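To start, the structure under review is shown below, and the notes come after it.
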Amino acid sequence: MTTNNYDAIIIGGGHNGLVAAAYLARAGKKVVVLERRELVGGATVTEEIIPGFKFTEFSYVVSLLRPEIIRDLKLPQHGLKILPLPSTFTPMDNGDYIAGWDDHDTTRREIYRHSPKDAEAYDEYARRMARLAKAIKPILSMLPPDPTSLHPKDLMGLLKLGQFASTLTDKELYGLSKIMTQSAADMLEEWFETDALLGTKSASGIIGTFLGPRSPSTAYVLLHHYMGEIDGAFRAWGFAKGGTGGIAESIASSARAFGAEIRLNATAKQVIVKGGRAVGVALENGDEIYAKAVLSSADPFVTFLKLVESKYLPDDLVHSIKKFRTRGSSGKVNIALSELPKFTALPDSNVLHRGAVSISPSIDYIERAYDDAKYGRFAKEPYVDMIFPSMIDPDMAPPGKHVMSCFVQYAPYDIEGGWDDAKREAFGEAVISTIERYAPNIRGAIIGKQVLTPEDTERITGITGGNIFHGELLLHQLFFMRPATKWSGFRTPIDGYYLAGSGAHPGGGIMGAPGKFAAELALKDGI
Amino acid sequence: MNTYDHIIIGAGHNGLVAAAYLAKKGKKVLVLERRDIVGGQVVTESFGDGFSVDSLHAGGTLRPGIIKDLKLASFGLGPFGSARGKLDSVRKPFISLVGRTGSPTYKDHLVLDPDPVKAAESIKPFSEKDAASWLPFLDFMKKASQFIESANSTIMPRLPKDFNLSEGLGLAELGLDLRLMGGKDMMRIIRGIPMTAEEFVDEWFESDIVKAAVASLGIHGFTLGVMGAGTGYTLMHNWTNRGGLSHVSVPGGIGKIAEALADAVKSFGGEIRTNAEVKQVTVKDMRATGVLLSNGEEIAANNVISGADPKHTLLQLVGAMELPPEFVWNVQSIKMRGSVAKVHLLTDGNHGIPAGTVALAPSIKYLEKAYDAAKYHQISEEPYLEVTASGNVVSIHFQYAAYQLKSGEWKTESKKVEKIAIETLAEYFPNLKSSIKSRKTLTPKDLEETYGLTEGDLNHGQIMLDQFMFMRPIPGWSNHKTPIDNLYLCGSGVHGGGGVSGASGRNVVKVLK
């Protein structure tokens with residue numbers, strides 16, 4: 001069956017693909033989204049894996065969703081509701097704990113309990129981080145200029161970048177330069193001394209990376225995660241009603257309201273290229289759909305090397321994409337619970353269960369977990385970041401029961417010998433026994449669990465290597481080098497074919513920015 | 001009282017280069033050296049009868065421009081008084097040890113001869129594709145080296161304010177150099193800088209042994225792992241300083257470079273005093289007035305240039321009291337953390353180690369595992385080694401041996417490093433142990449106490465992404481200047497330094513008012 005006269009086809013119904021579709025439909029274009037699975041969302045999905053219990057399967061918290069996207073697509077009207085996570089609680093090996101709150105003064109008092117010196121440093125640290133995050137934010141909304149090109153557009157872009165740099169004070173410029181290059185550990189150790197504080201903060205420097213807190217350049221990732229905001233509250237992380245799947249559903253609803261079509265169980269096989277132009281998509285089932293433009297929100301490897309034949313791409317680009325690092329390093333353990341885990345370090349109260357719990361007692365703890373991954377093993381004592389969605393959104397579990405969402409590092413995609421059922425089980429067990437050390441009742445409270453390795457992530461969502469950012473946030477894979485030099489502008493060597501996912505600038509996280517940029521460029525190109 | 005135009009603290013090679021240039025210009029120059037010999041790290045020392053060794057560096061070549069300007073050929077620097085290109089004729093191969101079988105023959109190892117055709121032949125059995133990539137790789141590294149050389153001779157201005165035209169011009173020229181290389185090479189270099197050595201070599205090669213051999217250059221002398229970002233830069237940096245993969249050893253010992261420099265200084269009218277330890281830089285109203293020696297002697301000068309590392313210079317010789325608090329905090333934060341030890345052996349000549357630069361770098365994972373020890377303040381049980389054998393003397397460069405040990409002290413742990421080094425090497429060269437007559441081990445603590453290197457860091461501050469270019473030694477102070485008006489830094493710890501090139505010494509002279 002051939003369907004014609006679409007303005008744009010979007011491959012992939014992940015959050016970026018949906019954003020792209022919504023923007024294009026909003027501009028009056030006739031668009032169709034092709035989603036392989038039976039539900040939209042990609043890695044932004046919520047599924048009832050165990051009856052009655054909804055798992056925010058892969059991603060679990062949000063902060064970087066662009067405010068302008070929320071506004072433009074009227075997402076709150078389509079059900080988007082993000083509730084901030086008020087705290088992060090880190091149990092310590094000596095039976096104590098350290099917590100971080102969304103209120104600066106409360107946090108300061110808590111840190112003071114452990115180290116007056118750290119409390120004092122915290123004031124200045126928070127100030128500087130906020131300044132740096134604000135300073136670098138414009139980069140998120142900037143189109144990366146190509147420094148190798150003499151095209152006026154790119155030269156203008158470089159000039160703009162230079163102008164931007166000149167608006168920064170010396171302190172901000174140096175601060176940014178340092179934070180873009182240091183290791184999270186080095187940066188934090190200049191400020192603090194409390195192990196559990198250092199460990200917890202350094203963790204946000206390694207999320208989604210195949211690096212350890214002592215690896216240079218991880219301070220950038222820390223800043224990247226710091227840039228989020230909810231309702232203008234800087235660096236607040238939140239939980240969406242319905243899990244991150246709720247975010248995808250609201251964007252899909254908005255896209256449909258603007259007139260976009262979303263086809264589920266529709267697997268794109270190949271982009272149809274004629275005369276150097278993308279003119280449509282051939283599906284696995286033999287269908288062919290035609291359009292003026294094709295946007296792929298899949299990762300760069302799929303976009304460039306699977307959906308099109310190499311003969312349409314320059315050798316350089318093919319080589320670059322083959323070398324593009326996209327090693328998955330994280331796993332997910334989603335658990336249905338009969339009761340909340342009682343952390344022995346925690347005073348008898350449920351308050352901290354409304355926030356996150358972080359197993360990150362020190363920098364070296366996380367560094368050792370990373371060492372395991374370097375040599376092809378999952379971490380024997382992993383870093384775990386857990387939240388209890390049912391504490392924030394009661395609809396996620398039956399009354400009186402709970403769900404628990406655990407993000408785990410490290411679990412390397414390239415585990416020695418490859419992933420299999422036994423290894424997955426063992427990995428899940430390592431996570432449970434780690435949590436058990438701090439909350440002995442957890443094992444007995446488990447009704448059922450879902451363990452996802454990077455290979456599972458790849459199998460289910462299609463993301464190459466199971467890397468949550470569609471490509472690691474390494475310095476040489478950012479900005480005008482993401483996903484490859486000369487091709488960081490969402491356009492590809494094939495006219496009418498665009499990259500619209502996290503593998504493009506500004507990178508990963510639930511941002512929606514790549515989808516929006518790609519859509520706007522397609523419109524500019526006159527589709 | 002005698003007032004000098006310039007006092008230079010430390011007769012390391014950068015200090016000597018600065019002194020020579022200044023003396024040649026007619027300035028009244030005094031170099032003060034704590035030890036009884038000149039050279040700093042560029043020394044050839046005797047640890048016993050027939051036990052003469054280049055203690056810290058296996059090879060080094062000054063920038064050709066410096067050799068020419070200071071007429072060093074006429075001061076006995078021989079073939080090293082000529083262009084660097086000619087050094088390839090005396091360069092020996094880089095040999096990467098492969099396999100611990102019974103008695104591995106020379107032929108089994110990866111021999112990267114300076115002759116690219118021979119090198120490619122040796123690579124073939126490991127990977128035909130890599131053998132074909134070798135020449136293009138060398139071509140690229142040549143371009144990258146040119147850029148790094150230019151970058152190191154360009155003074156990094158204090159961006160973005162205080163940006164004067166002449167400094168900006170230098171940067172603009174550098175940018176143009178890069179642009180003229182063409183988009184592809186330009187991006188290769190730009191991307192190569194923040195890459196890990198592992199990623200850098202992975203762009204070119206597929207076999208682990210070839211990758212590890214080249215990648216080892218990225219971690220040599222640094223407390224970083226091949227999987228650490230920025231070792232792509234340090235790989236290019238070391239390649240530039242060596243002029244290739246292997247060392248070029250100076251006939252008669254690397255100390256000859258320091259001797260030639262010292263002779264040049266004296267012949268131009270400069271003074272050098274050894275056994276003259278500077279205890280303090282005397283400061284009044286943010287101006288340096290001279291120095292105070294350990295023996296109580298005060299010497300006045302209009303300018304003071306320090307070739308000691310920035311931490312020692314600013315925190316010990318000047319002192320926190322004389323400096324702005326934020327500046328002091330930044331200097332305290334400079335990461336030194338040396339992790340290199342040297343094990344020198346005097347043998348009866350029957351050690352079995354071939355001539356050249358011999359590396360123990362069998363795989364990427366092996367190298368990374370060696371680094372893990374440094375992270376946790378330990379000594380690598382399976383270390384990365386680089387060995388040079390010259391006649392009866394075998395010099396082992398050992399990584400990693402963390403300056404700050406979690407347990408134990410260097411006085412006793414020194415033996416451990418020695419043992420691991422010898423045992424590890426002996427697995428490849430079975431005749432080694434029985435040939436040893438005498439040993440001399442330098443731990444990071446020895447490097448600090450004897451050679452004045454804070455925390456045993458050979459580079460006067462780790463060369464990492466956040467401590468290089470305009471952030472070296474600290475952001476905003478990359479142009480040799482300090483908050484003390486007429487106190488300047490030269491040496492490896494400032495941009496342009498690191499390696500035996502003399503660039504830092506030459507650059508500081510340009511900055512002097």
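Residues in the structure tokens are numbered from 1 in each chain, the chains being A, B, ... in the order shown, and ligands are numbered from 1 in the order shown.
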
Please identify every residue of chain B that has at least one atom no more than 6 Å from any atom of chain A, counting only C-alpha atoms, and report them as a list in words.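 Listing them in order of chain and number gives Gly183, Arg191, Gly228, Ala229, Leu465, Asp466 and Pro475 of chain B.
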
Taking N, CA and C atoms for each residue, export the selection above as an mmCIF file, in the first residue's frame.
data_model
loop_
_atom_site.group_PDB
_atom_site.id
_atom_site.type_symbol
_atom_site.label_atom_id
_atom_site.label_comp_id
_atom_site.auth_asym_id
_atom_site.auth_seq_id
_atom_site.Cartn_x
_atom_site.Cartn_y
_atom_site.Cartn_z
ATOM 1 N N GLY B 183 40.476 21.349 6.535
ATOM 2 C CA GLY B 183 39.406 20.970 7.459
ATOM 3 C C GLY B 183 39.617 19.646 8.137
ATOM 4 N N ARG B 191 39.674 17.465 17.639
ATOM 5 C CA ARG B 191 38.980 16.365 18.310
ATOM 6 C C ARG B 191 39.961 15.505 19.100
ATOM 7 N N GLY B 228 41.611 7.884 29.839
ATOM 8 C CA GLY B 228 41.324 9.191 30.412
ATOM 9 C C GLY B 228 41.290 10.265 29.347
ATOM 10 N N ALA B 229 40.261 11.096 29.375
ATOM 11 C CA ALA B 229 40.161 12.175 28.398
ATOM 12 C C ALA B 229 41.372 13.089 28.520
ATOM 13 N N LEU B 465 43.538 18.291 30.704
ATOM 14 C CA LEU B 465 42.718 19.258 29.980
ATOM 15 C C LEU B 465 42.441 20.509 30.794
ATOM 16 N N ASP B 466 42.314 20.378 32.103
ATOM 17 C CA ASP B 466 42.027 21.569 32.887
ATOM 18 C C ASP B 466 43.283 22.227 33.425
ATOM 19 N N PRO B 475 44.034 29.177 35.497
ATOM 20 C CA PRO B 475 43.352 30.043 34.546
ATOM 21 C C PRO B 475 43.653 31.511 34.813
#

Contacts of region 385-396 of chain B at 6 Å (only C-alpha atoms; same-chain gap of 2+ positions) as a list in words: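 Counting only the stated atoms, we get Lys342, Val343, His344, Leu345, Leu346, Thr347, Asp348, Gly349, Ala355, Thr357, Val358, Ala359, Leu360 and Phe398 of chain B.
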
Neighbouring residues of Asn330 (chain B) were defined as those with any atom within 12 Å, considering only C-alpha atoms; residues of the same chain fewer than 3 positions away were excluded. Please report them as a list of chain:residue names. A:Tyr174, A:Gly175, A:Lys178, A:Met187, A:Glu190, A:Trp191, B:Pro310, B:Lys311, B:Leu314, B:Leu315, B:Ala320, B:Leu323, B:Pro324, B:Pro325, B:Glu326, B:Phe327, B:Ser333, B:Ile334, B:Lys335, B:Gln467, B:Met471, B:Arg472, B:Pro473, B:Ile474, B:Pro475, B:Gly476, B:Trp477

Take the residues from that selection and write them out as a PDB file, in the first residue's frame, keeping C-alpha atoms.
ATOM      1  CA  TYR A 174      37.684  30.301  33.521  1.00  0.00           C
ATOM      2  CA  GLY A 175      35.096  28.535  35.624  1.00  0.00           C
ATOM      3  CA  LYS A 178      37.722  24.266  34.133  1.00  0.00           C
ATOM      4  CA  MET A 187      36.257  19.616  40.900  1.00  0.00           C
ATOM      5  CA  GLU A 190      38.415  21.347  45.715  1.00  0.00           C
ATOM      6  CA  TRP A 191      35.294  22.206  47.697  1.00  0.00           C
TER       7      TRP A 191
ATOM      8  CA  PRO B 310      54.553  26.977  40.375  1.00  0.00           C
ATOM      9  CA  LYS B 311      53.436  25.446  43.660  1.00  0.00           C
ATOM     10  CA  LEU B 314      54.396  30.619  44.906  1.00  0.00           C
ATOM     11  CA  LEU B 315      53.556  28.791  48.117  1.00  0.00           C
ATOM     12  CA  ALA B 320      50.506  32.829  50.791  1.00  0.00           C
ATOM     13  CA  LEU B 323      49.390  36.744  47.393  1.00  0.00           C
ATOM     14  CA  PRO B 324      45.664  37.318  46.809  1.00  0.00           C
ATOM     15  CA  PRO B 325      43.528  34.645  48.576  1.00  0.00           C
ATOM     16  CA  GLU B 326      41.671  33.394  45.493  1.00  0.00           C
ATOM     17  CA  PHE B 327      44.992  33.064  43.671  1.00  0.00           C
ATOM     18  CA  SER B 333      44.446  23.239  43.739  1.00  0.00           C
ATOM     19  CA  ILE B 334      47.059  22.578  41.073  1.00  0.00           C
ATOM     20  CA  LYS B 335      47.212  18.813  40.684  1.00  0.00           C
ATOM     21  CA  GLN B 467      45.686  22.377  33.393  1.00  0.00           C
ATOM     22  CA  MET B 471      44.703  27.305  32.118  1.00  0.00           C
ATOM     23  CA  ARG B 472      48.329  26.417  32.818  1.00  0.00           C
ATOM     24  CA  PRO B 473      49.383  26.782  35.607  1.00  0.00           C
ATOM     25  CA  ILE B 474      46.022  28.280  36.585  1.00  0.00           C
ATOM     26  CA  PRO B 475      43.352  30.043  34.546  1.00  0.00           C
ATOM     27  CA  GLY B 476      44.210  33.655  33.881  1.00  0.00           C
ATOM     28  CA  TRP B 477      47.894  33.251  34.648  1.00  0.00           C
TER      29      TRP B 477
END

Taking the chain letters and numbering used in this document, name the residues of region 10-242 of chain B that DSSP puts in alpha helix (DSSP H), as a ChimeraX atom specification. /B:13-24,64-69,116-123,128-153,165-180,183-192,197-202,208-219,231-242

Pairwise distance for CA of Gly252 (chain B) and CA of Asp54 (chain B), rounded to one decimal in Å: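 Here the two named atoms are 9.6 Å from each other.
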
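Counting from CA of Lys137 (chain A), the distance to CA of Ala184 (chain A) is 19.2 Å.
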
Name the residues in contact with Val248 (chain B) at a cut-off of 9 Å, using only C-alpha atoms, excluding same-chain residues fewer than 6 positions from it; report them as a list in words. Ala58, Gly59, Gly60, Thr61, Leu87, Asp88, Val90, Arg91, Lys92, Arg242, Gly356 and Thr357 of chain B

Selection from above, N, CA and C atoms, as a PDB file, in the first residue's frame, can you write it?
ATOM      1  N   ALA B  58      65.096   9.906  29.412  1.00  0.00           N
ATOM      2  CA  ALA B  58      65.875   9.036  28.532  1.00  0.00           C
ATOM      3  C   ALA B  58      66.323   9.742  27.283  1.00  0.00           C
ATOM      4  N   GLY B  59      65.724  10.861  26.979  1.00  0.00           N
ATOM      5  CA  GLY B  59      66.104  11.542  25.743  1.00  0.00           C
ATOM      6  C   GLY B  59      65.484  12.904  25.723  1.00  0.00           C
ATOM      7  N   GLY B  60      65.972  13.737  24.899  1.00  0.00           N
ATOM      8  CA  GLY B  60      65.377  15.059  24.815  1.00  0.00           C
ATOM      9  C   GLY B  60      66.047  15.850  23.722  1.00  0.00           C
ATOM     10  N   THR B  61      65.306  16.738  23.134  1.00  0.00           N
ATOM     11  CA  THR B  61      65.872  17.581  22.085  1.00  0.00           C
ATOM     12  C   THR B  61      65.356  18.989  22.255  1.00  0.00           C
ATOM     13  N   LEU B  87      67.865  14.029  13.430  1.00  0.00           N
ATOM     14  CA  LEU B  87      67.934  13.099  14.545  1.00  0.00           C
ATOM     15  C   LEU B  87      67.398  11.727  14.199  1.00  0.00           C
ATOM     16  N   ASP B  88      66.567  11.662  13.174  1.00  0.00           N
ATOM     17  CA  ASP B  88      66.005  10.375  12.810  1.00  0.00           C
ATOM     18  C   ASP B  88      67.094   9.391  12.396  1.00  0.00           C
ATOM     19  N   VAL B  90      69.822   8.943  13.874  1.00  0.00           N
ATOM     20  CA  VAL B  90      70.408   8.267  15.025  1.00  0.00           C
ATOM     21  C   VAL B  90      69.330   7.654  15.918  1.00  0.00           C
ATOM     22  N   ARG B  91      68.096   7.780  15.493  1.00  0.00           N
ATOM     23  CA  ARG B  91      66.999   7.263  16.304  1.00  0.00           C
ATOM     24  C   ARG B  91      66.943   5.744  16.214  1.00  0.00           C
ATOM     25  N   LYS B  92      66.689   5.124  17.363  1.00  0.00           N
ATOM     26  CA  LYS B  92      66.560   3.668  17.392  1.00  0.00           C
ATOM     27  C   LYS B  92      65.092   3.284  17.448  1.00  0.00           C
ATOM     28  N   ARG B 242      59.450  14.098  21.610  1.00  0.00           N
ATOM     29  CA  ARG B 242      60.416  13.063  21.232  1.00  0.00           C
ATOM     30  C   ARG B 242      60.783  13.163  19.754  1.00  0.00           C
ATOM     31  N   GLY B 356      67.272   0.638  21.948  1.00  0.00           N
ATOM     32  CA  GLY B 356      66.051   1.297  21.514  1.00  0.00           C
ATOM     33  C   GLY B 356      65.196   1.655  22.705  1.00  0.00           C
ATOM     34  N   THR B 357      63.948   2.028  22.443  1.00  0.00           N
ATOM     35  CA  THR B 357      63.000   2.320  23.511  1.00  0.00           C
ATOM     36  C   THR B 357      62.090   1.103  23.630  1.00  0.00           C
TER      37      THR B 357
END

Please list as a list in words every residue within 6 Å of region 370-374 of chain B, counting only C-alpha atoms and excluding residues in the same chain fewer than 4 positions away.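 Selected residues are Gly225, Gln378, Ile379, Ser380, Glu382, Pro383, Tyr400 and Ala402 of chain B.
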
Which residues are close to Phe200 (chain B), i.e. within 7 Å by only C-alpha atoms, leaving aside same-chain residues fewer than 5 positions away? Reply as a list in words.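 Surrounding residues, per the criterion: Gly192, Met195 and Gly232 of chain B.
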
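Nearest to Gly462 (chain A) of all the residues A:Tyr290, A:Phe407, A:Phe301, A:Tyr60 is A:Phe301, counting only C-alpha atoms.
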
Any idea what's packed within 12 Å of Leu56 (chain B), counting only C-alpha atoms, ignoring anything in its chain fewer than 5 positions away? Could you give it as an MDAnalysis selection string? chainID B and resid 39:45 221 253:255 340:344 388 395:398 440:444 446:447 450:451 453 456:459 499:500

Please return, as a PyMOL selection string, all residues of region 346-521 of chain A that DSSP assigns to strand (DSSP E or B) on the basis of the backbone. chain A and resi 356-359+383-387+402-409+446-452+491+495+497-499

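Nearest residue to Phe140 (chain B) among B:Phe75, B:Phe51, B:Trp239, B:Phe222 is B:Trp239, counting only C-alpha atoms.
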